[in-house]
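> So that you have it, the file is input.tsv, and it contains TSV, C-alpha atoms and all ligand atoms:
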chain	number	residue	atom	x	y	z
A	1	MET	CA	33.69	73.31	38.39
A	2	ASP	CA	35.52	70.34	39.90
A	3	SER	CA	35.67	68.07	36.87
A	4	ASN	CA	36.87	65.12	38.95
A	5	ALA	CA	33.76	65.27	41.14
A	6	ASN	CA	31.39	64.99	38.21
A	7	PRO	CA	33.15	64.21	34.93
A	8	GLY	CA	29.86	63.56	33.14
A	9	LYS	CA	28.62	67.05	33.90
A	10	ASN	CA	31.92	68.49	32.74
A	11	PHE	CA	31.68	66.53	29.49
A	12	ILE	CA	28.17	67.83	28.86
A	13	GLU	CA	29.28	71.41	29.51
A	14	ILE	CA	32.16	71.12	27.06
A	15	MET	CA	29.85	69.56	24.46
A	16	GLY	CA	27.43	72.45	24.93
A	17	GLN	CA	30.18	74.97	24.14
A	18	ARG	CA	31.59	73.27	21.05
A	19	ARG	CA	31.90	75.38	17.97
A	20	SER	CA	33.82	75.32	14.72
A	21	PHE	CA	36.85	77.45	14.00
A	22	PRO	CA	37.22	78.33	10.32
A	23	ARG	CA	40.55	80.12	10.96
A	24	LEU	CA	43.23	77.83	12.34
A	25	GLU	CA	46.97	78.11	12.80
A	26	GLU	CA	49.91	76.13	14.23
A	27	PRO	CA	50.19	74.16	16.36
A	28	ALA	CA	47.98	71.16	15.84
A	29	PRO	CA	47.73	68.76	18.80
A	30	ASP	CA	50.90	66.70	19.18
A	31	LYS	CA	51.09	63.11	17.96
A	32	GLU	CA	50.50	61.55	21.36
A	33	LEU	CA	47.32	63.51	21.92
A	34	LEU	CA	46.16	62.88	18.36
A	35	ASP	CA	46.75	59.15	18.72
A	36	ASN	CA	44.64	59.12	21.89
A	37	ILE	CA	41.89	61.12	20.24
A	38	PHE	CA	41.86	58.94	17.13
A	39	LEU	CA	41.68	55.76	19.19
A	40	SER	CA	38.87	57.00	21.44
A	41	SER	CA	36.93	58.53	18.55
A	42	LEU	CA	36.43	55.06	17.05
A	43	ARG	CA	34.08	54.07	19.92
A	44	VAL	CA	30.94	54.96	18.03
A	45	PRO	CA	27.72	53.03	17.49
A	46	ASP	CA	28.47	50.84	14.49
A	47	HIS	CA	25.85	48.39	13.24
A	48	MET	CA	27.36	44.88	12.94
A	49	HIS	CA	30.76	46.40	13.72
A	50	LEU	CA	31.53	46.82	10.05
A	51	ARG	CA	34.03	49.61	10.82
A	52	PRO	CA	32.90	51.20	7.56
A	53	TRP	CA	35.51	53.96	7.53
A	54	ARG	CA	39.06	55.01	7.06
A	55	PHE	CA	40.78	58.30	7.71
A	56	LEU	CA	43.72	59.99	6.00
A	57	ILE	CA	45.89	62.26	8.12
A	58	ILE	CA	47.57	65.02	6.13
A	59	GLY	CA	49.95	67.47	7.79
A	60	GLY	CA	53.07	69.54	7.18
A	61	ASP	CA	54.44	69.58	3.64
A	62	ASP	CA	52.18	66.67	2.67
A	63	ARG	CA	49.36	69.22	2.51
A	64	ASN	CA	50.95	70.49	-0.70
A	65	HIS	CA	50.05	67.20	-2.40
A	66	LEU	CA	46.44	67.80	-1.39
A	67	GLY	CA	46.78	71.35	-2.71
A	68	ASP	CA	47.93	69.89	-6.04
A	69	LEU	CA	44.77	67.81	-6.17
A	70	PHE	CA	42.63	70.88	-5.46
A	71	VAL	CA	44.34	72.65	-8.36
A	72	LYS	CA	43.81	69.60	-10.59
A	73	ASP	CA	40.11	69.72	-9.75
A	74	CYS	CA	40.06	73.41	-10.59
A	75	LEU	CA	41.67	72.87	-13.98
A	76	GLN	CA	39.47	69.89	-14.72
A	77	LYS	CA	36.39	72.04	-14.20
A	78	ASP	CA	37.84	75.03	-16.01
A	79	PRO	CA	40.90	74.34	-18.18
A	80	ASN	CA	41.30	78.12	-18.58
A	81	ALA	CA	41.44	78.80	-14.84
A	82	GLY	CA	44.02	81.48	-14.18
A	83	GLU	CA	46.97	81.55	-11.81
A	84	GLU	CA	45.00	83.38	-9.14
A	85	THR	CA	42.18	80.82	-9.12
A	86	CYS	CA	44.66	77.95	-8.98
A	87	GLU	CA	46.64	79.53	-6.14
A	88	SER	CA	43.47	80.13	-4.18
A	89	ALA	CA	42.58	76.42	-4.59
A	90	ARG	CA	46.08	75.35	-3.62
A	91	LYS	CA	46.05	77.49	-0.48
A	92	LYS	CA	42.87	75.82	0.74
A	93	ALA	CA	44.93	72.80	1.69
A	94	LEU	CA	47.05	75.04	3.91
A	95	ARG	CA	44.15	76.48	5.87
A	96	ALA	CA	45.07	74.46	8.93
A	97	PRO	CA	48.15	72.60	10.13
A	98	LEU	CA	46.43	69.25	9.97
A	99	ILE	CA	43.63	67.75	7.91
A	100	VAL	CA	41.81	64.50	8.59
A	101	VAL	CA	39.90	63.19	5.59
A	102	GLY	CA	36.93	61.10	6.72
A	103	ILE	CA	36.12	58.38	4.21
A	104	ALA	CA	33.13	56.05	4.34
A	105	HIS	CA	34.11	52.60	3.15
A	106	TYR	CA	30.86	50.92	2.14
A	107	THR	CA	30.29	47.22	2.45
A	108	ASP	CA	27.31	45.56	0.82
A	109	HIS	CA	25.47	44.21	3.85
A	110	PRO	CA	21.89	42.91	4.05
A	111	LYS	CA	21.25	44.60	7.41
A	112	VAL	CA	23.35	47.72	7.20
A	113	PRO	CA	22.49	50.15	4.42
A	114	GLU	CA	25.02	52.74	3.27
A	115	ILE	CA	23.29	55.51	5.18
A	116	GLU	CA	24.03	53.71	8.46
A	117	GLN	CA	27.64	53.23	7.46
A	118	ALA	CA	27.92	56.91	6.56
A	119	LEU	CA	26.35	57.92	9.87
A	120	ALA	CA	28.81	55.79	11.84
A	121	THR	CA	31.73	57.32	9.92
A	122	GLY	CA	30.32	60.79	10.59
A	123	CYS	CA	30.09	59.96	14.29
A	124	VAL	CA	33.83	59.23	14.33
A	125	LEU	CA	34.61	62.50	12.58
A	126	ASN	CA	32.39	64.40	14.99
A	127	ASN	CA	34.02	62.66	17.96
A	128	ILE	CA	37.42	63.79	16.71
A	129	GLY	CA	36.22	67.39	16.43
A	130	LEU	CA	34.62	67.31	19.85
A	131	ALA	CA	37.72	65.84	21.49
A	132	ILE	CA	39.93	68.38	19.70
A	133	TYR	CA	37.75	71.16	21.08
A	134	SER	CA	37.76	69.71	24.60
A	135	CYS	CA	41.58	69.86	24.55
A	136	GLY	CA	41.64	73.56	23.70
A	137	TYR	CA	42.28	73.20	19.96
A	138	GLY	CA	39.88	73.88	17.12
A	139	SER	CA	38.54	72.27	13.99
A	140	VAL	CA	36.08	72.77	11.20
A	141	TRP	CA	34.36	70.11	9.13
A	142	ARG	CA	34.18	70.96	5.46
A	143	THR	CA	32.94	69.15	2.39
A	144	GLY	CA	32.27	71.32	-0.66
A	145	PRO	CA	33.19	70.47	-4.26
A	146	TYR	CA	36.50	68.80	-3.35
A	147	ALA	CA	34.72	66.08	-1.40
A	148	VAL	CA	33.03	64.88	-4.57
A	149	SER	CA	35.75	65.78	-7.05
A	150	SER	CA	36.97	62.86	-9.17
A	151	SER	CA	40.50	64.36	-9.23
A	152	VAL	CA	40.62	64.58	-5.45
A	153	CYS	CA	39.02	61.18	-4.84
A	154	GLU	CA	41.29	59.47	-7.34
A	155	GLY	CA	44.39	61.29	-6.07
A	156	LEU	CA	43.62	60.25	-2.49
A	157	GLY	CA	43.22	56.66	-3.62
A	158	LEU	CA	39.51	56.22	-3.01
A	159	ASN	CA	37.93	53.02	-4.28
A	160	SER	CA	34.56	52.88	-6.00
A	161	ASN	CA	32.90	51.81	-2.71
A	162	GLU	CA	34.25	54.83	-0.86
A	163	GLU	CA	33.13	58.40	-0.34
A	164	ILE	CA	34.67	61.45	1.31
A	165	LEU	CA	32.34	62.57	4.09
A	166	GLY	CA	34.45	65.43	5.27
A	167	PHE	CA	37.75	67.23	5.56
A	168	LEU	CA	38.30	68.00	9.22
A	169	TYR	CA	40.69	70.95	9.39
A	170	ILE	CA	42.48	70.95	12.75
A	171	GLY	CA	44.72	73.43	14.55
A	172	THR	CA	44.80	76.23	17.08
A	173	PRO	CA	41.98	78.78	16.81
A	174	MET	CA	43.25	82.13	15.50
A	175	LYS	CA	40.43	84.13	17.03
A	176	ALA	CA	38.92	84.19	20.50
A	177	ASP	CA	35.65	82.32	20.86
A	178	ARG	CA	32.78	84.32	19.49
A	179	PRO	CA	29.53	84.18	21.48
A	180	LEU	CA	27.51	81.11	20.72
A	181	LYS	CA	24.13	81.58	19.08
A	182	ALA	CA	21.42	80.39	21.43
A	183	ILE	CA	19.71	77.12	20.59
A	184	LYS	CA	16.34	76.28	22.07
A	185	LYS	CA	16.16	72.58	22.78
A	186	ASP	CA	12.35	72.65	22.86
A	187	ASP	CA	12.34	73.60	19.18
A	188	PHE	CA	13.80	70.19	18.40
A	189	PHE	CA	12.99	67.88	21.31
A	190	LYS	CA	9.37	67.11	22.13
A	191	TYR	CA	8.00	64.50	24.46
A	192	TRP	CA	5.66	62.14	22.71
A	193	PRO	CA	2.75	61.72	22.90
A	194	ALA	CA	2.16	65.43	23.54
A	195	LYS	CA	0.50	66.20	26.87
A	196	VAL	CA	-2.56	68.48	26.52
B	1	LIG	C1	28.73	67.06	6.71
B	1	LIG	C2	29.10	68.50	6.93
B	1	LIG	C3	29.66	69.23	5.89
B	1	LIG	C4	30.00	70.57	6.06
B	1	LIG	N1	30.57	71.24	5.02
B	1	LIG	C5	30.92	72.55	5.20
B	1	LIG	C6	31.59	73.25	4.16
B	1	LIG	O1	31.92	72.72	3.12
B	1	LIG	N2	31.88	74.56	4.37
B	1	LIG	C7	31.54	75.20	5.54
B	1	LIG	O2	31.82	76.38	5.67
B	1	LIG	N3	30.93	74.54	6.53
B	1	LIG	C8	30.62	73.23	6.40
B	1	LIG	N4	30.00	72.55	7.42
B	1	LIG	C9	29.58	73.29	8.63
B	1	LIG	C10	30.71	73.64	9.56
B	1	LIG	O3	31.47	72.47	9.87
B	1	LIG	C11	30.17	74.27	10.86
B	1	LIG	O4	29.41	73.34	11.59
B	1	LIG	C12	29.33	75.49	10.60
B	1	LIG	O5	30.15	76.49	10.05
B	1	LIG	C13	28.66	76.04	11.86
B	1	LIG	O6	29.59	76.36	12.85
B	1	LIG	P1	29.49	75.72	14.30
B	1	LIG	O7	29.89	74.28	14.19
B	1	LIG	O8	30.43	76.56	15.13
B	1	LIG	O9	28.08	75.88	14.76
B	1	LIG	C14	29.72	71.21	7.29
B	1	LIG	C15	29.19	70.45	8.36
B	1	LIG	C16	28.89	69.12	8.17
B	1	LIG	C17	28.33	68.31	9.32
Would you mind writing the structure in this file as structure tokens?


Amino acid sequence: MDSNANPGKNFIEIMGQRRSFPRLEEPAPDKELLDNIFLSSLRVPDHMHLRPWRFLIIGGDDRNHLGDLFVKDCLQKDPNAGEETCESARKKALRAPLIVVGIAHYTDHPKVPEIEQALATGCVLNNIGLAIYSCGYGSVWRTGPYAVSSSVCEGLGLNSNEEILGFLYIGTPMKADRPLKAIKKDDFFKYWPAKV
């Protein structure tokens, strides 16, 4: 398809192919591309323009500090956790060359409840993943116990009005695209009122 002739159609096609990649390796997108993606990803619907988010970018050896926090969480939950369990936790921070931690930063606002602020933050994280995919790289959005762990939240410097909404693991897909499972749009989109 000639993407220049109809960029909108091209965008929709790419969006319709997006998938997660749980197995990622080097390289991550370079800094210039990442900077462009991060800037563009911020153009999300955002009630009252509160910008209710912040993102931590963790790559290279810095991932080991995140691994330390995962181990701390492990030991906090089970002080008798063995070496193997701790190493498995530590390695989770090395699952991809780059990790973006998406943090909702809630403001008390009479018109914008926290759910709206979380949704806007999630939109940014999804934009990043979509853009990453469109550039031939891969990502996977994870939460799990570390997203709500007091050791991890404290270690990453979260304030009491903040919440981790996701760890976006980013890199180059290790495996070829698997076939996408079909989705039927009519299962989810219905014209209203229904025509009889
Ligand atoms: C808010 C959120 C949290 C998620 N947390 C996890 C997680 O902790 N572990 C996981 O395997 N998948 C998690 N997922 C799902 C994956 O990111 C992914 O969408 C799923 O594996 C389906 O793959 P697909 O995106 O290729 O359809 C989460 C997705 C969202 C939106």

> Taking only C-alpha atoms and all ligand atoms into account, name the residue in A:Gln17, A:Ser151, A:Ser134, A:Asn10 that is nearest to ligand LIG 1 (chain B).

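Under the stated criterion, the closest residue is A:Gln17.
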
> Calculate how many Å separate atom CA of Asp61 of chain A from atom CA of Pro27 of chain A, rounding to one decimal.

14.2 Å

> Go through A:Gly129, A:Pro79, A:Pro110, A:Gly171 one by one, measure the shortest atom-to-atom distance of each to Leu94 of chain A using only C-alpha atoms, and give the residue with the smallest value.

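Residue with the minimum atom-to-atom distance to Leu94 of chain A: A:Gly171.
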
> Within 10 Å of (44.2, 70.9, 21.4) (file coordinates; all atoms listed in the file), which protein or nucleic acid residues are there? I'd like them as a PyMOL selection string.

chain A and resi 27-30+33-34+131-139+170-173

> Determine, counting only C-alpha atoms, which protein, DNA and RNA residues have an atom within 8 Å of an atom of Ile103 of chain A; residues of the same chain fewer than 3 positions away are not included. Present the result as an NGL selection string.

:A and (53-56 or 121 or 162-166)

> Would you mind telling me which residue in A:Lys111, A:Arg51, A:Arg178, A:Arg19 lies nearest to ligand LIG 1 (chain B) when using only C-alpha atoms and all ligand atoms?

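Checking each of A:Lys111, A:Arg51, A:Arg178, A:Arg19 against ligand LIG 1 (chain B), counting only C-alpha atoms and all ligand atoms, the winner is A:Arg19.
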
> Using all atoms listed in the file, which residues sit within 12 Å of segment 82-92 of chain A once same-chain residues fewer than 2 positions away are excluded, as a VMD selection string?

chain A and resid 22 to 24 63 to 80 94 to 99 142 144 to 146 167 169

> Kindly give the distance, in Å, that separates atom CA of Pro52 of chain A and atom CA of Ile37 of chain A, rounded to a single decimal.

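Taking atom CA of Pro52 of chain A as the start and atom CA of Ile37 of chain A as the end point, the length is 18.4 Å.
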
> Specify the axis-aligned box that encloses all atoms of segment 132-145 of chain A listed in the file after padding of 3 Å on each side, stating its centre and edge lengths in Å to one decimal as lines of an AutoDock Vina configuration file.


center_x = 37.3
center_y = 71.1
center_z = 10.2
size_x = 16.0
size_y = 11.5
size_z = 34.9

> So, counting only C-alpha atoms and all ligand atoms, which residue among A:Gly59, A:Pro179, A:Gly157, A:Pro113 is closest to ligand LIG 1 (chain B)?

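Nearest candidate to ligand LIG 1 (chain B) out of A:Gly59, A:Pro179, A:Gly157, A:Pro113: A:Pro179.
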
> Atom C9 of ligand LIG 1 (chain B) and atom CA of Val140 of chain A are how many Å apart?

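If I compute the distance from atom C9 of ligand LIG 1 (chain B) to atom CA of Val140 of chain A, I get 7.0 Å.
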
> Restricting the calculation to only C-alpha atoms: of A:Asp46, A:Glu13, A:Glu32, A:Asp177, which residue gets closest to Gln117 of chain A?

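Smallest distance to Gln117 of chain A is found for A:Asp46.
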
> Which one is closest to ligand LIG 1 (chain B): A:Leu168, A:Ile58, A:Ala176, A:Val44? Count all atoms listed in the file.

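Looking only at the distances to ligand LIG 1 (chain B), the closest residue turns out to be A:Leu168.
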